[in-house]
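Participant: Structure file upload_0.cif, mmCIF, C-alpha atoms and all ligand atoms, is pasted below:
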```
data_protein
#
loop_
_atom_site.label_atom_id
_atom_site.label_comp_id
_atom_site.auth_asym_id
_atom_site.auth_seq_id
_atom_site.Cartn_x
_atom_site.Cartn_y
_atom_site.Cartn_z
CA MET A 180 4.33 5.24 -27.53
CA ILE A 181 7.30 2.87 -27.51
CA PRO A 182 9.85 3.02 -24.65
CA ILE A 183 13.49 3.82 -25.38
CA PRO A 184 15.64 0.70 -25.96
CA PHE A 185 16.70 -0.94 -22.71
CA GLU A 186 18.59 -3.99 -21.49
CA TYR A 187 16.92 -6.65 -19.39
CA ALA A 188 18.48 -8.79 -16.66
CA ARG A 189 16.84 -11.25 -14.32
CA ALA A 190 18.01 -11.25 -10.69
CA THR A 191 18.45 -14.63 -9.03
CA SER A 192 18.70 -13.48 -5.40
CA LEU A 193 18.29 -10.38 -3.26
CA ASP A 194 22.03 -9.67 -3.28
CA ASP A 195 22.22 -10.34 -7.03
CA ALA A 196 19.41 -7.80 -7.56
CA LEU A 197 21.29 -5.13 -5.58
CA ALA A 198 24.60 -5.94 -7.31
CA LYS A 199 22.98 -5.73 -10.75
CA LEU A 200 21.37 -2.39 -9.85
CA THR A 201 24.66 -0.95 -8.55
CA ALA A 202 26.38 -2.03 -11.78
CA THR A 203 24.02 0.19 -13.81
CA ASN A 204 25.47 3.36 -12.18
CA GLY A 205 22.05 4.91 -11.71
CA ASP A 206 20.66 3.95 -15.13
CA GLY A 207 18.74 0.90 -13.92
CA LYS A 208 15.40 0.20 -12.30
CA PHE A 209 13.83 -2.83 -10.71
CA ILE A 210 10.80 -4.27 -12.42
CA ALA A 211 8.40 -6.49 -10.45
CA GLY A 212 4.88 -6.74 -11.93
CA GLY A 213 5.55 -3.94 -14.42
CA HIS A 214 2.00 -2.66 -14.12
CA SER A 215 3.05 0.82 -13.06
CA LEU A 216 6.57 1.00 -14.51
CA VAL A 217 5.82 -0.15 -18.08
CA PRO A 218 3.03 2.41 -18.66
CA LEU A 219 5.41 5.14 -17.44
CA MET A 220 8.13 3.87 -19.80
CA LYS A 221 5.72 3.83 -22.72
CA LEU A 222 4.86 7.47 -22.00
CA ARG A 223 8.62 8.13 -21.64
CA LEU A 224 8.05 9.61 -18.22
CA THR A 225 10.86 7.35 -17.08
CA GLU A 226 13.68 6.03 -19.28
CA PRO A 227 15.73 3.37 -17.50
CA LYS A 228 18.49 1.87 -19.66
CA VAL A 229 18.48 -1.40 -17.74
CA LEU A 230 15.55 -3.28 -16.18
CA ILE A 231 16.36 -5.73 -13.41
CA ASP A 232 13.56 -8.23 -13.06
CA ILE A 233 13.03 -9.17 -9.41
CA ALA A 234 9.70 -10.95 -9.83
CA ARG A 235 11.17 -14.44 -9.51
CA VAL A 236 13.66 -13.87 -6.67
CA PRO A 237 12.65 -16.61 -4.21
CA ASP A 238 13.56 -14.65 -1.01
CA LEU A 239 11.24 -11.81 -2.05
CA SER A 240 7.94 -13.67 -2.32
CA GLY A 241 5.62 -15.34 0.15
CA ILE A 242 3.58 -14.69 3.26
CA ARG A 243 4.68 -16.13 6.60
CA GLU A 244 4.18 -15.80 10.34
CA LYS A 245 7.32 -15.17 12.39
CA ASP A 246 7.47 -14.41 16.14
CA GLY A 247 3.79 -13.48 16.20
CA ARG A 248 4.08 -11.09 13.27
CA ILE A 249 3.14 -11.49 9.63
CA GLU A 250 5.68 -10.89 6.86
CA ILE A 251 4.79 -10.35 3.22
CA GLY A 252 7.63 -10.48 0.68
CA ALA A 253 7.83 -7.48 -1.62
CA CYS A 254 7.29 -9.51 -4.81
CA THR A 255 4.18 -11.27 -3.52
CA VAL A 256 1.45 -10.60 -6.07
CA HIS A 257 -1.89 -9.12 -5.00
CA HIS A 258 -3.72 -12.36 -5.81
CA ASP A 259 -1.56 -14.32 -3.35
CA VAL A 260 -2.19 -11.70 -0.64
CA SER A 261 -5.93 -11.77 -1.28
CA SER A 262 -6.11 -15.57 -1.12
CA SER A 263 -3.70 -16.16 1.78
CA ALA A 264 -5.29 -18.41 4.43
CA LEU A 265 -2.92 -16.94 7.06
CA LEU A 266 -4.03 -13.38 6.34
CA ARG A 267 -7.70 -14.31 5.98
CA GLU A 268 -7.64 -15.85 9.45
CA HIS A 269 -5.39 -13.43 11.35
CA CYS A 270 -5.44 -10.10 9.50
CA PRO A 271 -8.26 -10.16 6.95
CA VAL A 272 -8.11 -6.42 6.25
CA VAL A 273 -4.88 -6.93 4.28
CA SER A 274 -6.28 -9.72 2.10
CA ASP A 275 -9.55 -7.79 1.62
CA THR A 276 -7.57 -4.77 0.41
CA ALA A 277 -5.55 -6.84 -2.07
CA ALA A 278 -8.76 -8.40 -3.40
CA GLU A 279 -10.05 -4.89 -4.24
CA ILE A 280 -7.04 -3.91 -6.37
CA GLY A 281 -7.65 -3.57 -10.10
CA ASP A 282 -8.77 -6.64 -12.01
CA PRO A 283 -7.52 -10.27 -12.15
CA GLN A 284 -4.72 -9.39 -14.59
CA VAL A 285 -3.42 -6.64 -12.31
CA ARG A 286 -3.75 -8.86 -9.22
CA ASN A 287 -1.84 -11.68 -10.89
CA ARG A 288 1.17 -9.50 -11.79
CA GLY A 289 1.20 -6.47 -9.47
CA THR A 290 3.18 -6.74 -6.24
CA LEU A 291 3.13 -5.26 -2.75
CA GLY A 292 6.67 -3.85 -3.10
CA GLY A 293 5.92 -2.31 -6.49
CA SER A 294 2.82 -0.64 -5.13
CA LEU A 295 4.65 0.73 -2.05
CA ALA A 296 7.67 1.95 -4.06
CA HIS A 297 5.54 3.57 -6.77
CA ALA A 298 3.24 5.24 -4.19
CA ASP A 299 0.42 6.21 -6.49
CA PRO A 300 -1.78 8.62 -4.47
CA SER A 301 -4.76 6.34 -5.19
CA ALA A 302 -3.09 3.01 -4.39
CA ASP A 303 -4.85 0.83 -1.83
CA TYR A 304 -1.99 -0.75 0.16
CA PRO A 305 -0.65 2.48 1.73
CA ALA A 306 -3.87 2.99 3.73
CA VAL A 307 -3.83 -0.51 5.15
CA MET A 308 -0.06 -0.39 5.86
CA LEU A 309 -0.72 2.71 7.98
CA ALA A 310 -3.69 1.09 9.75
CA VAL A 311 -1.79 -2.08 10.75
CA ASP A 312 1.30 -0.06 11.72
CA ALA A 313 3.51 -1.94 9.26
CA GLU A 314 7.27 -1.83 9.08
CA ILE A 315 8.73 -1.65 5.58
CA HIS A 316 11.98 -3.64 5.35
CA VAL A 317 14.54 -2.19 2.97
CA LYS A 318 18.03 -3.27 1.85
CA GLY A 319 20.65 -1.18 0.06
CA PRO A 320 24.42 -0.94 -0.37
CA LYS A 321 24.71 0.23 3.26
CA GLY A 322 22.75 -2.76 4.59
CA TRP A 323 19.30 -3.30 6.12
CA ARG A 324 16.94 -0.65 7.38
CA VAL A 325 13.38 -0.55 8.66
CA ALA A 326 10.97 2.29 7.86
CA LYS A 327 7.71 2.68 9.74
CA ALA A 328 4.72 3.08 7.44
CA ASP A 329 3.98 6.35 9.29
CA ASP A 330 7.24 7.82 7.95
CA PHE A 331 7.40 6.03 4.60
CA PHE A 332 4.83 7.87 2.46
CA LYS A 333 6.28 11.33 1.92
CA ASP A 334 4.55 12.99 -1.03
CA LEU A 335 3.08 12.37 -4.48
CA PHE A 336 4.88 9.26 -5.84
CA THR A 337 7.55 9.88 -3.19
CA VAL A 338 8.55 7.50 -0.41
CA ASP A 339 11.46 7.02 1.95
CA LEU A 340 13.45 4.87 -0.49
CA SER A 341 16.75 5.70 -2.23
CA PRO A 342 17.20 4.77 -5.91
CA ASP A 343 19.82 2.19 -4.84
CA GLU A 344 17.58 0.45 -2.28
CA ILE A 345 15.11 -2.41 -2.60
CA ILE A 346 11.96 -3.07 -0.59
CA VAL A 347 12.27 -6.59 0.78
CA GLY A 348 8.85 -6.81 2.42
CA ALA A 349 6.41 -5.56 5.03
CA ARG A 350 5.93 -6.85 8.57
CA PHE A 351 3.09 -6.17 11.03
CA ALA A 352 1.31 -7.59 14.04
CA PRO A 353 -1.99 -9.19 13.02
CA VAL A 354 -5.13 -7.14 13.72
CA ARG A 355 -8.51 -8.86 13.47
CA ALA A 356 -10.76 -5.88 14.16
CA ALA A 357 -9.94 -4.00 10.98
CA ALA A 358 -11.58 -3.29 7.64
CA TYR A 359 -11.04 -1.39 4.39
CA ALA A 360 -13.69 0.57 2.49
CA LYS A 361 -13.14 2.40 -0.76
CA LEU A 362 -14.88 4.37 -3.43
CA ARG A 363 -13.32 2.96 -6.57
CA GLN A 364 -12.71 4.56 -9.93
CA ARG A 365 -15.04 2.72 -12.27
CA ALA A 366 -12.40 1.82 -14.89
CA SER A 367 -9.21 1.08 -12.96
CA HIS A 368 -10.58 0.40 -9.45
CA TYR A 369 -7.97 2.73 -7.94
CA ALA A 370 -9.29 4.43 -4.80
CA VAL A 371 -10.98 7.79 -5.27
CA VAL A 372 -11.10 7.62 -1.48
CA GLY A 373 -10.04 4.56 0.53
CA VAL A 374 -10.06 4.18 4.31
CA ALA A 375 -8.53 1.37 6.38
CA ALA A 376 -9.56 1.27 10.04
CA ALA A 377 -7.99 -0.89 12.75
CA LEU A 378 -9.35 -1.01 16.29
CA ASP A 379 -7.75 -2.31 19.48
CA VAL A 380 -10.78 -3.30 21.56
CA SER A 381 -10.83 -4.68 25.10
CA GLN A 382 -13.94 -5.43 27.15
CA GLY A 383 -16.16 -3.37 24.88
CA LYS A 384 -13.88 -0.31 24.92
CA ILE A 385 -11.72 1.03 22.12
CA ARG A 386 -8.24 1.24 23.61
CA SER A 387 -6.79 2.78 20.45
CA ALA A 388 -7.47 3.10 16.75
CA ARG A 389 -5.39 3.56 13.62
CA ILE A 390 -7.05 4.93 10.50
CA GLY A 391 -5.27 5.19 7.12
CA LEU A 392 -6.62 7.32 4.28
CA THR A 393 -5.61 6.98 0.62
CA GLY A 394 -6.84 8.50 -2.63
CA ALA A 395 -7.77 11.86 -1.17
CA GLY A 396 -4.48 13.73 -1.06
CA PRO A 397 -0.98 13.50 -2.55
CA HIS A 398 -0.06 10.57 -0.29
CA ALA A 399 -1.65 8.29 2.29
CA VAL A 400 -2.08 9.77 5.77
CA ARG A 401 -3.50 8.80 9.15
CA LEU A 402 -6.79 10.34 10.25
CA ARG A 403 -5.58 11.30 13.70
CA THR A 404 -8.66 13.34 14.68
CA VAL A 405 -10.80 10.25 14.15
CA GLU A 406 -8.33 8.11 16.11
CA GLN A 407 -8.50 10.56 19.01
CA ALA A 408 -12.30 10.64 18.90
CA LEU A 409 -12.39 6.83 19.22
CA ALA A 410 -9.72 6.22 21.86
CA GLY A 411 -11.15 5.34 25.27
CA GLN A 412 -14.76 5.26 24.05
CA ALA A 413 -17.23 2.39 24.27
CA LEU A 414 -17.38 0.44 21.01
CA SER A 415 -20.80 1.36 19.67
CA THR A 416 -22.52 2.64 16.55
CA GLU A 417 -22.90 6.05 18.23
CA THR A 418 -19.15 6.27 18.89
CA ILE A 419 -18.39 5.38 15.28
CA GLU A 420 -20.93 7.83 13.86
CA ALA A 421 -19.52 10.65 15.98
CA ALA A 422 -15.90 9.84 15.12
CA ALA A 423 -16.63 9.51 11.38
CA ARG A 424 -18.19 12.98 11.37
CA VAL A 425 -14.79 14.58 12.08
CA ALA A 426 -13.01 12.51 9.41
CA GLY A 427 -11.05 14.70 7.03
CA THR A 428 -11.23 17.88 9.10
CA ASP A 429 -7.46 17.62 9.64
CA VAL A 430 -6.66 16.72 5.99
CA LYS A 431 -5.21 19.90 4.51
CA VAL A 432 -4.61 19.02 0.82
CA VAL A 433 -7.28 17.13 -1.15
CA ASN A 434 -6.82 16.31 -4.84
CA GLY A 435 -9.26 17.18 -7.59
CA ASP A 436 -8.98 15.47 -10.98
CA ILE A 437 -11.06 14.00 -13.81
CA HIS A 438 -12.33 11.27 -11.47
CA ALA A 439 -13.61 13.50 -8.65
CA SER A 440 -13.42 17.11 -7.56
CA ALA A 441 -11.67 18.03 -4.33
CA GLU A 442 -15.06 18.88 -2.78
CA TYR A 443 -16.48 15.47 -3.66
CA ARG A 444 -13.42 13.63 -2.35
CA ARG A 445 -13.60 15.62 0.89
CA ALA A 446 -17.29 14.75 1.25
CA MET A 447 -16.50 11.05 0.76
CA ILE A 448 -13.88 10.85 3.53
CA PRO A 449 -16.44 10.62 6.41
CA VAL A 450 -18.65 8.28 4.38
CA PHE A 451 -15.90 5.73 3.81
CA THR A 452 -14.45 6.21 7.28
CA ARG A 453 -17.84 5.24 8.71
CA ARG A 454 -18.01 2.16 6.47
CA ALA A 455 -14.48 1.05 7.40
CA LEU A 456 -15.17 1.57 11.11
CA LYS A 457 -18.41 -0.41 10.91
CA GLY A 458 -16.53 -3.23 9.18
CA ALA A 459 -13.86 -3.16 11.89
CA MET A 460 -16.53 -3.15 14.63
CA ALA A 461 -18.18 -6.22 13.08
CA ARG A 462 -14.88 -8.08 13.46
CA ALA A 463 -14.09 -6.89 17.00
C1 LIG B 501 -5.28 -1.22 -15.10
C2 LIG B 501 -4.65 -1.08 -13.75
C3 LIG B 501 -5.46 -0.99 -12.64
C4 LIG B 501 -4.90 -0.85 -11.37
N1 LIG B 501 -5.72 -0.74 -10.29
C5 LIG B 501 -5.18 -0.58 -9.07
C6 LIG B 501 -6.01 -0.46 -7.91
O1 LIG B 501 -7.25 -0.55 -7.97
N2 LIG B 501 -5.42 -0.27 -6.72
C7 LIG B 501 -4.04 -0.22 -6.59
O2 LIG B 501 -3.57 -0.04 -5.47
N3 LIG B 501 -3.23 -0.35 -7.65
C8 LIG B 501 -3.77 -0.53 -8.88
N4 LIG B 501 -2.94 -0.68 -9.95
C9 LIG B 501 -1.49 -0.66 -9.74
C10 LIG B 501 -0.97 -2.08 -9.51
O3 LIG B 501 -1.33 -2.50 -8.22
C11 LIG B 501 0.54 -2.12 -9.69
O4 LIG B 501 0.86 -3.43 -9.88
C12 LIG B 501 1.38 -1.59 -8.58
O5 LIG B 501 1.12 -0.26 -8.27
C13 LIG B 501 2.86 -1.64 -8.91
O6 LIG B 501 3.31 -2.92 -8.68
P1 LIG B 501 4.21 -3.66 -9.74
O7 LIG B 501 4.69 -4.91 -9.11
O8 LIG B 501 3.47 -3.78 -11.02
O9 LIG B 501 5.45 -2.64 -9.87
P2 LIG B 501 6.32 -2.22 -11.14
O10 LIG B 501 5.46 -1.56 -12.15
O11 LIG B 501 7.16 -3.36 -11.58
O12 LIG B 501 7.27 -1.14 -10.45
C14 LIG B 501 6.76 0.10 -10.01
C15 LIG B 501 7.90 0.92 -9.42
O13 LIG B 501 8.36 0.32 -8.21
C16 LIG B 501 9.74 -0.05 -8.29
N5 LIG B 501 9.83 -1.33 -7.57
C17 LIG B 501 9.13 -2.45 -7.81
N6 LIG B 501 9.38 -3.36 -6.86
C18 LIG B 501 10.29 -2.80 -6.02
C19 LIG B 501 10.96 -3.25 -4.84
N7 LIG B 501 10.73 -4.46 -4.29
N8 LIG B 501 11.83 -2.41 -4.23
C20 LIG B 501 12.06 -1.18 -4.74
N9 LIG B 501 11.46 -0.69 -5.85
C21 LIG B 501 10.58 -1.51 -6.48
C22 LIG B 501 10.05 -0.12 -9.78
O14 LIG B 501 11.42 0.15 -10.04
C23 LIG B 501 9.15 0.98 -10.32
O15 LIG B 501 9.75 2.24 -10.12
C24 LIG B 501 -3.48 -0.82 -11.23
C25 LIG B 501 -2.65 -0.95 -12.36
C26 LIG B 501 -3.23 -1.08 -13.62
C27 LIG B 501 -2.32 -1.21 -14.80
#
```
Go ahead and render the structure in this file as structure tokens.
Ligand SMILES: Cc1cc2nc3c(=O)[nH]c(=O)nc-3n(C[C@H](O)[C@H](O)[C@H](O)COP(=O)(O)OP(=O)(O)OC[C@H]3O[C@@H](n4cnc5c(N)ncnc54)[C@H](O)[C@@H]3O)c2cc1C
Facilitator:
Amino acid sequence: MIPIPFEYARATSLDDALAKLTATNGDGKFIAGGHSLVPLMKLRLTEPKVLIDIARVPDLSGIREKDGRIEIGACTVHHDVSSSALLREHCPVVSDTAAEIGDPQVRNRGTLGGSLAHADPSADYPAVMLAVDAEIHVKGPKGWRVAKADDFFKDLFTVDLSPDEIIVGARFAPVRAAAYAKLRQRASHYAVVGVAAALDVSQGKIRSARIGLTGAGPHAVRLRTVEQALAGQALSTETIEAAARVAGTDVKVVNGDIHASAEYRRAMIPVFTRRALKGAMARA
């Protein structure tokens, strides 16, 4: 189908993007990579009258280290995240996750901010943002605000973001002992089930763990029962096997669709939790 007619404007800066959006009086939308928005427009599931292109706003792209934390600009494309030397050295789970998204075309256009704002239940980034305890930096007419990843993903395609706000980027402390494992849909590579596991290990003991799950339910969640089973335990295959066995027991709603039944998804949660934990252990 063809979208309704719309106007197009290219933003030149962060403030220009917000000013242009405000000027649309609620009829505008940002477009970054367009890989989620354009299909929705073609199906007429969304009908913005004005598109504000933020893909080339310089302040919104790039990956940098600042005060011991890593910042990724919202309009950084998945390919740049997957190939970042900084991430590969200090927080490889994030670049690994980006490398698993879609295909080269999707990775060359799709952006971190677009993925977080759209919040597809099968998107990969939400799981890893939960695992690395990321902060999502947001700007709107009332100024700056920071949302913790824990509080950001609210429901199906629903996040803590007002229509007049823009995601500027994500910031997190680097974690080396972390890994992502997913069961991918064969055609799109979206996660049927995806698990990101991050371990804080000291002298052979797991001090704490953060596990993010995507693909299974309406939105990404932490697997807190697994985190509790790991905390304070010796880092070993036995610990991981035992913790993975309880994965998903606290997940109340699991989706069933043409790609996988709810029963199958539920059965895959421990499998991919185990794989993510083993990957994290190998990096500890
Ligand atoms: C064939 C195909 C396969 C895919 N496979 C995967 C996959 O395996 N894993 C995966 O995770 N994803 C996958 N995707 C989704 C892809 O990663 C998208 O690029 C991503 O979800 C959206 O990013 P975008 O930059 O294209 O956003 P857009 O489509 O431009 O925008 C999406 C929504 O976010 C809003 N938005 C965009 N940027 C911002 C911002 N900075 N602040 C506020 N709002 C903003 C827009 O207004 C719009 O509502 C796939 C997509 C396709 C088409």
Participant: Could you check how far atom CA of A:Val380 sits from atom CA of A:Ala463, in Å to one decimal?
Facilitator: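 Distance between the two atoms: 6.7 Å.
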Participant: Nearest to A:Lys318 among A:Leu335, A:Leu197, A:Met220, A:Ile437, with distances taken over only C-alpha atoms: which residue is it?
Facilitator: A:Leu197
Participant: What is the atom C26 of ligand LIG 501 (chain B) to atom CA of A:Ala296 distance in Å?
Facilitator: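 Atom-to-atom, atom C26 of ligand LIG 501 (chain B) to atom CA of A:Ala296, that is 14.8 Å.
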Participant: Taking only C-alpha atoms and all ligand atoms into account, which residues are within 7 Å of ligand LIG 501 (chain B), as JSON, numbers by chain?
Facilitator: {"A": [208, 209, 210, 211, 212, 213, 214, 215, 216, 217, 253, 254, 279, 280, 281, 282, 285, 286, 288, 289, 290, 291, 292, 293, 294, 296, 297, 299, 301, 302, 303, 304, 344, 345, 346, 347, 367, 368, 369, 370]}
Participant: Which is closer to A:Phe185 than all the others in A:Glu406, A:Asp343, A:Glu417, A:Glu226, using all atoms listed in the file?
Facilitator: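 The shortest atom-to-atom distance to A:Phe185 comes from A:Glu226.
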Participant: Could you check the closest approach to A:Val229 for each of A:Arg403, A:Lys327, A:Lys199, A:Arg424 and tell me which residue wins, using all atoms listed in the file?
Facilitator: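 Checking each candidate against A:Val229, we get A:Lys199 as the closest.
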Participant: So which residues touch A:Asp330 within 10 Å, counting all atoms listed in the file, skipping near sequence neighbours fewer than 2 positions away, as a list in words?
Facilitator: Leu309, Glu314, Ile315, Ala326, Lys327, Ala328, Phe332, Lys333, Val338, Asp339 and Val400 of chain A
Participant: Could you list, as a list in words, every residue within 12 Å of A:Ala446, counting all atoms listed in the file and ignoring same-chain residues fewer than 2 positions away?
Facilitator: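 Here the qualifying residues turn out to be Leu362, Val371, Val372, Ala395, Ala423, Arg424, Val425, Ala426, Gly427, Thr428, Val430, Val433, Ala439, Ser440, Ala441, Glu442, Tyr443, Arg444, Ile448, Pro449, Val450, Phe451 and Thr452 of chain A.
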Participant: Considering all atoms listed in the file, state which residue in the set A:Gly207, A:Pro271, A:Pro227, A:Pro218 is at the smallest distance from A:Arg462.
Facilitator: A:Pro271
Participant: Considering only C-alpha atoms, state which residue in the set A:Val236, A:Gly435, A:Ile231, A:Val354 is at the smallest distance from A:Ser274.
Facilitator: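 Among A:Val236, A:Gly435, A:Ile231, A:Val354, it is A:Val354 that comes nearest to A:Ser274.
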Participant: Could you tell me which of A:Leu230, A:Gln284, A:Leu409, A:Leu266 comes closest to A:Arg248 if we count only C-alpha atoms?
Facilitator: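 Among the listed residues, the smallest separation from A:Arg248 belongs to A:Leu266.
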